[in-house]
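S.K.: Dropping in upload-v6.txt, with compact mmCIF, C-alpha atoms.
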# COMPACT_ATOMS: atom_id res chain seq x y z
CA MET A 235 8.57 67.87 -90.92
CA PRO A 236 8.23 64.24 -89.76
CA ILE A 237 4.84 63.26 -88.43
CA GLY A 238 4.54 61.77 -84.95
CA ARG A 239 4.27 58.04 -84.56
CA VAL A 240 2.32 58.24 -81.34
CA GLY A 241 -1.25 59.28 -80.60
CA ARG A 242 -2.86 58.77 -83.99
CA PRO A 243 -4.42 55.88 -85.87
CA GLY A 244 -2.00 53.49 -87.55
CA LEU A 245 -2.00 52.82 -91.29
CA ILE A 246 -3.01 49.18 -90.87
CA GLY A 247 -5.99 49.89 -88.64
CA LEU A 248 -7.11 52.79 -90.78
CA ALA A 249 -6.89 50.72 -93.96
CA ALA A 250 -8.82 47.88 -92.34
CA ARG A 251 -11.64 50.29 -91.59
CA THR A 252 -11.55 51.50 -95.16
CA ALA A 253 -12.65 48.48 -97.15
CA VAL A 254 -12.24 49.82 -100.68
CA ILE A 255 -8.80 51.12 -101.42
CA ALA A 256 -9.46 53.04 -104.62
CA GLY A 257 -10.76 56.58 -104.19
CA THR A 258 -9.86 56.52 -100.54
CA ALA A 259 -9.17 60.18 -99.87
CA GLN A 260 -12.64 60.87 -98.52
CA ALA A 261 -12.97 57.55 -96.74
CA VAL A 262 -9.61 57.91 -95.06
CA SER A 263 -10.24 61.44 -93.86
CA GLY A 264 -13.63 60.20 -92.68
CA GLY A 265 -11.86 57.44 -90.79
CA MET A 266 -9.54 59.95 -89.19
CA ALA A 267 -12.51 62.12 -88.22
CA ARG A 268 -14.37 59.13 -86.79
CA ASN A 269 -11.32 58.19 -84.82
CA GLN A 270 -11.02 61.70 -83.42
CA GLN A 271 -14.73 61.74 -82.70
CA ALA A 272 -14.50 58.43 -80.88
CA ARG A 273 -11.60 59.75 -78.88
CA ALA A 274 -13.44 62.94 -78.00
CA GLN A 275 -16.43 60.88 -76.92
CA GLN A 276 -14.22 58.67 -74.84
CA ALA A 277 -12.67 61.71 -73.21
CA ALA A 278 -16.13 63.10 -72.48
CA GLN A 279 -17.18 59.82 -70.92
CA GLN A 280 -14.08 59.73 -68.80
CA GLN A 281 -14.75 63.30 -67.68
CA GLU A 282 -18.32 62.35 -66.85
CA TYR A 283 -17.07 59.37 -64.90
CA ALA A 284 -14.62 61.58 -63.01
CA ASP A 285 -17.43 64.03 -62.31
CA ASP A 286 -19.61 61.20 -61.03
CA GLN A 287 -16.84 60.01 -58.80
CA GLN A 288 -16.25 63.51 -57.48
CA ARG A 289 -19.95 63.91 -56.84
CA ALA A 290 -20.09 60.56 -55.06
CA GLN A 291 -17.09 61.52 -52.95
CA MET A 292 -18.65 64.84 -52.01
CA GLU A 293 -21.90 63.12 -51.08
CA ALA A 294 -20.05 60.56 -49.00
CA ALA A 295 -18.12 63.34 -47.27
CA ALA A 296 -21.33 65.23 -46.63
CA GLN A 297 -22.94 62.12 -45.15
CA ALA A 298 -19.93 61.48 -42.94
CA ALA A 299 -20.00 65.06 -41.73
CA ALA A 300 -23.73 64.80 -41.08
CA ALA A 301 -23.18 61.63 -39.05
CA ALA A 302 -20.41 63.30 -36.99
CA TYR A 303 -22.47 66.40 -36.26
CA PRO A 304 -26.14 65.62 -35.72
CA PRO A 305 -28.28 68.33 -37.21
CA PRO A 306 -29.77 70.88 -34.78
CA PRO A 307 -33.37 70.12 -33.77
CA THR A 308 -35.73 71.53 -36.29
CA PRO A 309 -37.34 74.70 -34.97
CA SER A 310 -41.04 74.34 -34.18
CA PRO A 311 -43.14 75.62 -36.98
CA ALA A 312 -44.28 79.22 -36.72
CA PRO A 313 -47.83 79.53 -35.36
CA THR A 314 -50.15 79.40 -38.26
CA THR A 315 -52.84 81.47 -36.67
CA ASP A 316 -52.49 85.09 -35.76
CA LEU A 317 -52.48 84.86 -31.92
CA ILE A 318 -53.21 88.50 -31.24
CA GLY A 319 -56.00 88.54 -33.79
CA GLU A 320 -57.59 85.52 -32.13
CA LEU A 321 -57.34 87.13 -28.66
CA GLN A 322 -58.91 90.30 -30.01
CA LYS A 323 -61.76 88.27 -31.49
CA LEU A 324 -62.26 86.51 -28.14
CA ALA A 325 -62.22 89.85 -26.29
CA ALA A 326 -64.76 91.27 -28.75
CA LEU A 327 -67.01 88.22 -28.26
CA GLN A 328 -66.75 88.60 -24.50
CA GLN A 329 -67.57 92.29 -24.65
CA ALA A 330 -70.51 91.56 -26.92
CA GLY A 331 -71.72 89.12 -24.28
CA VAL A 332 -71.39 86.10 -26.55
CA LEU A 333 -68.76 84.57 -24.26
CA THR A 334 -69.03 84.50 -20.46
CA ASP A 335 -65.97 85.47 -18.42
CA ALA A 336 -65.30 81.81 -17.68
CA GLU A 337 -65.60 80.83 -21.34
CA PHE A 338 -63.31 83.68 -22.35
CA SER A 339 -60.69 82.67 -19.75
CA ALA A 340 -60.84 79.04 -20.86
CA ALA A 341 -60.53 79.95 -24.54
CA LYS A 342 -57.70 82.38 -23.82
CA ALA A 343 -55.81 79.76 -21.76
CA LYS A 344 -56.22 77.24 -24.59
CA LEU A 345 -55.03 79.75 -27.13
CA LEU A 346 -51.95 80.64 -25.12
CA SER A 347 -51.04 77.08 -24.12
CA MET B 55 -2.10 70.37 -96.57
CA ARG B 56 0.76 68.37 -97.96
CA SER B 57 1.97 69.26 -101.39
CA SER B 58 2.83 65.70 -102.42
CA THR B 59 0.31 62.92 -102.90
CA TYR B 60 1.29 59.30 -102.66
CA GLY B 61 0.23 56.10 -104.29
CA PRO B 62 -0.44 52.91 -102.37
CA VAL B 63 1.92 52.09 -99.54
CA GLU B 64 3.21 48.77 -98.26
CA LEU B 65 4.59 47.93 -94.84
CA HIS B 66 7.06 45.11 -94.41
CA LEU B 67 8.69 43.69 -91.34
CA VAL B 68 12.02 42.16 -92.28
CA GLY B 69 13.59 40.04 -89.56
CA PHE B 70 17.32 39.66 -89.17
CA GLU B 71 19.85 38.04 -86.90
CA GLY B 72 21.37 40.07 -84.12
CA ASP B 73 20.55 43.64 -83.25
CA ARG B 74 21.20 45.47 -86.49
CA PRO B 75 20.07 45.09 -90.10
CA ASP B 76 22.29 42.99 -92.31
CA PRO B 77 24.22 45.10 -94.86
CA GLY B 78 22.98 42.75 -97.59
CA ALA B 79 19.37 43.43 -96.63
CA LEU B 80 19.91 47.18 -96.79
CA ALA B 81 21.68 46.81 -100.15
CA ALA B 82 18.71 44.89 -101.55
CA LEU B 83 16.37 47.61 -100.40
CA ARG B 84 18.61 50.29 -101.86
CA GLU B 85 18.58 48.55 -105.26
CA LEU B 86 14.80 48.56 -105.38
CA VAL B 87 14.65 52.22 -104.40
CA ASP B 88 17.21 53.07 -107.06
CA SER B 89 15.12 51.28 -109.67
CA GLY B 90 12.39 53.89 -109.18
CA LEU B 91 9.71 51.24 -108.68
CA LEU B 92 9.53 52.02 -104.99
CA ARG B 93 9.98 55.10 -102.91
CA LEU B 94 11.17 54.64 -99.35
CA LEU B 95 8.87 56.46 -96.95
CA ASP B 96 9.79 55.20 -93.49
CA LEU B 97 12.33 52.92 -91.88
CA VAL B 98 12.34 51.82 -88.23
CA VAL B 99 14.24 49.14 -86.37
CA VAL B 100 12.18 47.14 -83.88
CA SER B 101 13.70 44.79 -81.32
CA ARG B 102 12.14 42.47 -78.79
CA SER B 103 14.22 41.79 -75.73
CA GLU B 104 14.58 38.39 -74.08
CA GLN B 105 12.02 39.63 -71.58
CA GLY B 106 9.59 40.33 -74.42
CA GLU B 107 9.77 44.10 -74.28
CA LEU B 108 9.50 45.90 -77.61
CA THR B 109 11.80 48.82 -78.39
CA THR B 110 11.97 50.91 -81.53
CA GLN B 111 14.94 52.76 -82.93
CA GLU B 112 14.84 55.40 -85.60
CA MET B 113 17.13 54.72 -88.52
CA SER B 114 18.71 58.14 -88.10
CA GLU B 115 19.81 57.23 -84.57
CA GLY B 116 21.82 54.26 -85.78
CA SER B 117 23.14 55.67 -89.01
CA GLN B 118 26.67 55.83 -87.68
CA ASP B 119 26.64 52.05 -87.36
CA TRP B 120 24.64 51.18 -90.46
CA ASP B 121 25.24 52.08 -94.02
CA VAL B 122 21.95 53.79 -94.78
CA SER B 123 23.31 55.99 -97.54
CA GLY B 124 20.81 56.24 -100.36
CA LEU B 125 18.05 55.27 -97.95
CA GLU B 126 16.56 58.55 -96.88
CA PRO B 127 12.91 58.02 -95.89
CA ALA B 128 10.59 60.65 -97.37
CA GLU B 129 7.99 60.47 -94.58
CA THR B 130 9.71 59.49 -91.37
CA GLY B 131 7.03 58.70 -88.79
CA LEU B 132 4.42 57.45 -91.26
CA ALA B 133 4.34 54.05 -89.59
CA GLY B 134 2.51 54.82 -86.38
CA GLU B 135 3.22 53.24 -83.02
CA GLU B 136 0.06 51.19 -83.57
CA ASP B 137 1.50 49.82 -86.84
CA LEU B 138 4.86 49.01 -85.29
CA GLU B 139 3.20 47.12 -82.46
CA GLU B 140 0.97 45.18 -84.80
CA LEU B 141 3.78 44.31 -87.21
CA ALA B 142 6.14 43.34 -84.41
CA ALA B 143 3.54 41.14 -82.72
CA THR B 144 5.12 38.08 -84.32
CA LEU B 145 8.68 39.15 -83.55
CA GLU B 146 10.22 36.54 -81.27
CA ALA B 147 12.02 37.42 -78.05
CA GLY B 148 15.68 38.23 -78.61
CA THR B 149 15.26 39.07 -82.28
CA SER B 150 15.07 42.29 -84.28
CA GLY B 151 13.59 43.47 -87.50
CA VAL B 152 13.32 46.53 -89.65
CA VAL B 153 9.94 47.97 -90.56
CA VAL B 154 10.12 49.22 -94.13
CA VAL B 155 7.39 51.45 -95.50
CA PHE B 156 7.45 52.18 -99.19
CA GLU B 157 5.24 53.68 -101.82
CA LEU B 158 4.44 51.59 -104.85
CA VAL B 159 5.49 54.22 -107.35
CA TYR B 160 4.56 52.03 -110.33
CA ALA B 161 0.98 51.74 -109.03
CA ARG B 162 0.68 55.51 -108.77
CA THR B 163 2.11 55.92 -112.26
CA LEU B 164 -0.33 53.35 -113.58
CA ALA B 165 -3.27 55.05 -111.85
CA GLU B 166 -2.23 58.41 -113.31
CA ARG B 167 -1.93 56.97 -116.81
CA LEU B 168 -5.30 55.30 -116.48
CA ALA B 169 -6.88 58.50 -115.20
CA ALA B 170 -5.42 60.40 -118.15
CA ALA B 171 -7.04 57.83 -120.42
CA GLY B 172 -10.40 58.31 -118.71
CA ALA B 173 -10.26 55.06 -116.74
CA THR B 174 -10.23 54.58 -112.98
CA VAL B 175 -8.89 51.93 -110.68
CA LEU B 176 -12.03 50.98 -108.78
CA ARG B 177 -10.57 48.41 -106.49
CA THR B 178 -7.34 46.58 -105.77
CA GLU B 179 -6.70 43.38 -103.84
CA ARG B 180 -3.33 42.13 -102.77
CA ILE B 181 -2.94 38.38 -102.40
CA PRO B 182 0.02 37.06 -100.38
CA ALA B 183 2.46 35.03 -102.48
CA PRO B 184 1.98 31.77 -100.55
CA VAL B 185 -1.76 31.90 -101.31
CA VAL B 186 -1.18 32.37 -105.04
CA ASN B 187 1.41 29.61 -105.23
CA GLU B 188 -0.63 27.19 -103.17
CA LEU B 189 -3.68 27.77 -105.33
CA LEU B 190 -1.73 27.16 -108.55
CA ARG B 191 -0.07 24.08 -107.14
CA SER B 192 -3.35 22.52 -106.05
CA ALA B 193 -4.95 23.42 -109.40
CA GLU B 194 -2.19 21.55 -111.24
CA GLN B 195 -2.80 18.42 -109.18
CA VAL B 196 -6.47 18.18 -110.08
Using C-alpha cells, write down the structure from this file.

M.R.:
Amino acid sequence: MPIGRVGRPGLIGLAARTAVIAGTAQAVSGGMARNQQARAQQAAQQQEYADDQQRAQMEAAAQAAAAAYPPPPTPSPAPTTDLIGELQKLAALQQAGVLTDAEFSAAKAKLLS
Amino acid sequence: MRSSTYGPVELHLVGFEGDRPDPGALAALRELVDSGLLRLLDLVVVSRSEQGELTTQEMSEGSQDWDVSGLEPAETGLAGEEDLEELAATLEAGTSGVVVVFELVYARTLAERLAAAGATVLRTERIPAPVVNELLRSAEQV
C-alpha cells in the first residue's frame, strides 16, 4: 500500500528537525507527533479565529438592527413604595387626629401625583 | 506497523534533457540496484514548465514510454510533496528531473553487524563530494 505524498511532513524537513541520525526511531516519531500537534493547534486557532469573526459579524448585525429599530422606551420603574399601605397609614394618622383634614388631603395628593 | 525496517535513505534529483529520463540514466540506476548496495524506494519525475509551474508524474504512469523494468520502487510515495518541492526548487524552467529515493542497504547491513558485535552507530555525517575534494585540494597546496 503506497503512502500518500500529500498532507504529511517531508523526509527532508523531518530529518532537519532530527539532528542526530542514529537511534532516530523515537525522535522521528516525536517529530511526527509534534507536527501533528502543531497542525491541530493551528486548526484550533483557525477555528477560534472563525468563531471570533462569526461573533463579530453577529454583533455587527445586532448593532445594525438596533440602529434600524430604536428600542422601545424603557418602562418607568415600578413604584418602590406600597401606595395603598401609605394611604392606609395616612388615613390612620388622620383618624388618630395626628393629621388635620387639610394635611391629609395634601399628603394624599402628593402620594398620588 | 510496517513489517520491514529500513536503513538510511538518500534523495537525489537527477536532471535530464527533454521531458523523459534518459535510458542511460535509468540503466545506471538499475545497475546499482542490481548490485544490492542500494534498494530503490521511490521514483518520481518532476518537470518545470516554461511558465515555472511544477508538475510531478509517477513512474508507473509513464512506464509505457520508459524502460523501468527492474526498477520497482518498494515504497512509492515515500518522497512527500514537501520533499519534491524542495528538491525541485533549483529545477530550471523548461527542464525535468527524476527524484530517486533509495535505501543505503550497505549502511543498514553495517549497522546490523555492528549491533551484533555490541557496537552502535552513534552518529553519521554526510559530506557532499565537492566539499571533500575542495578540502583535500586546498590541503595539498599548503

S.K.: Starting from chain B, keep only residues with some atom at most 9 Å from an atom of chain A, counting only C-alpha atoms, and report them as a PDB file with C-alpha atoms, keeping the file's coordinate frame.

M.R.:
ATOM      1  CA  PRO B  62      -0.440  52.910-102.370  1.00  0.00           C
ATOM      2  CA  LEU B  65       4.590  47.930 -94.840  1.00  0.00           C
ATOM      3  CA  ALA B 128      10.590  60.650 -97.370  1.00  0.00           C
ATOM      4  CA  GLU B 129       7.990  60.470 -94.580  1.00  0.00           C
ATOM      5  CA  THR B 130       9.710  59.490 -91.370  1.00  0.00           C
ATOM      6  CA  GLY B 131       7.030  58.700 -88.790  1.00  0.00           C
ATOM      7  CA  LEU B 132       4.420  57.450 -91.260  1.00  0.00           C
ATOM      8  CA  ALA B 133       4.340  54.050 -89.590  1.00  0.00           C
ATOM      9  CA  GLY B 134       2.510  54.820 -86.380  1.00  0.00           C
ATOM     10  CA  GLU B 135       3.220  53.240 -83.020  1.00  0.00           C
ATOM     11  CA  GLU B 136       0.060  51.190 -83.570  1.00  0.00           C
ATOM     12  CA  ASP B 137       1.500  49.820 -86.840  1.00  0.00           C
ATOM     13  CA  LEU B 138       4.860  49.010 -85.290  1.00  0.00           C
ATOM     14  CA  GLU B 140       0.970  45.180 -84.800  1.00  0.00           C
ATOM     15  CA  THR B 174     -10.230  54.580-112.980  1.00  0.00           C
ATOM     16  CA  VAL B 175      -8.890  51.930-110.680  1.00  0.00           C
ATOM     17  CA  LEU B 176     -12.030  50.980-108.780  1.00  0.00           C
ATOM     18  CA  ARG B 177     -10.570  48.410-106.490  1.00  0.00           C
ATOM     19  CA  THR B 178      -7.340  46.580-105.770  1.00  0.00           C
ATOM     20  CA  GLU B 179      -6.700  43.380-103.840  1.00  0.00           C
TER      21      GLU B 179
END

S.K.: Work out how far apart CA of Arg84 in chain B and CA of Val154 in chain B are and give it in Å to one decimal.

M.R.: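 Calculated distance between CA of Arg84 in chain B and CA of Val154 in chain B is 11.5 Å.
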
S.K.: What's the separation between CA of Thr163 in chain B and CA of Ala82 in chain B, in Å to one decimal place?

M.R.: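 Here the two named atoms are 22.6 Å from each other.
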
S.K.: Give me, as a ChimeraX atom specification, all polymer residues having an atom no more than 12 Å from range 107-115 of chain B, counting all atoms listed in the file and skipping those fewer than 3 positions away in the same chain.

M.R.: /A:236,239 /B:73-75,80,95-104,118-123,125-127,130-131,133-135,137-154

S.K.: Calculate how many Å separate CA of Ala249 in chain A from CA of Gly106 in chain B, rounding to one decimal.

M.R.: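 Interatomic distance here is 27.6 Å.
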
S.K.: Could you tell me which of B:Val186, B:Leu91, B:Ala79, B:Val196 comes closest to Leu67 in chain B if we count all atoms listed in the file?

M.R.: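 Smallest distance to Leu67 in chain B is found for B:Ala79.
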
S.K.: Pick from A:Gln297, A:Ala341, A:Arg251, A:Asp316: nearest to Gln328 in chain A, with all atoms listed in the file counted?

M.R.: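 Result for the nearest residue to Gln328 in chain A: A:Ala341.
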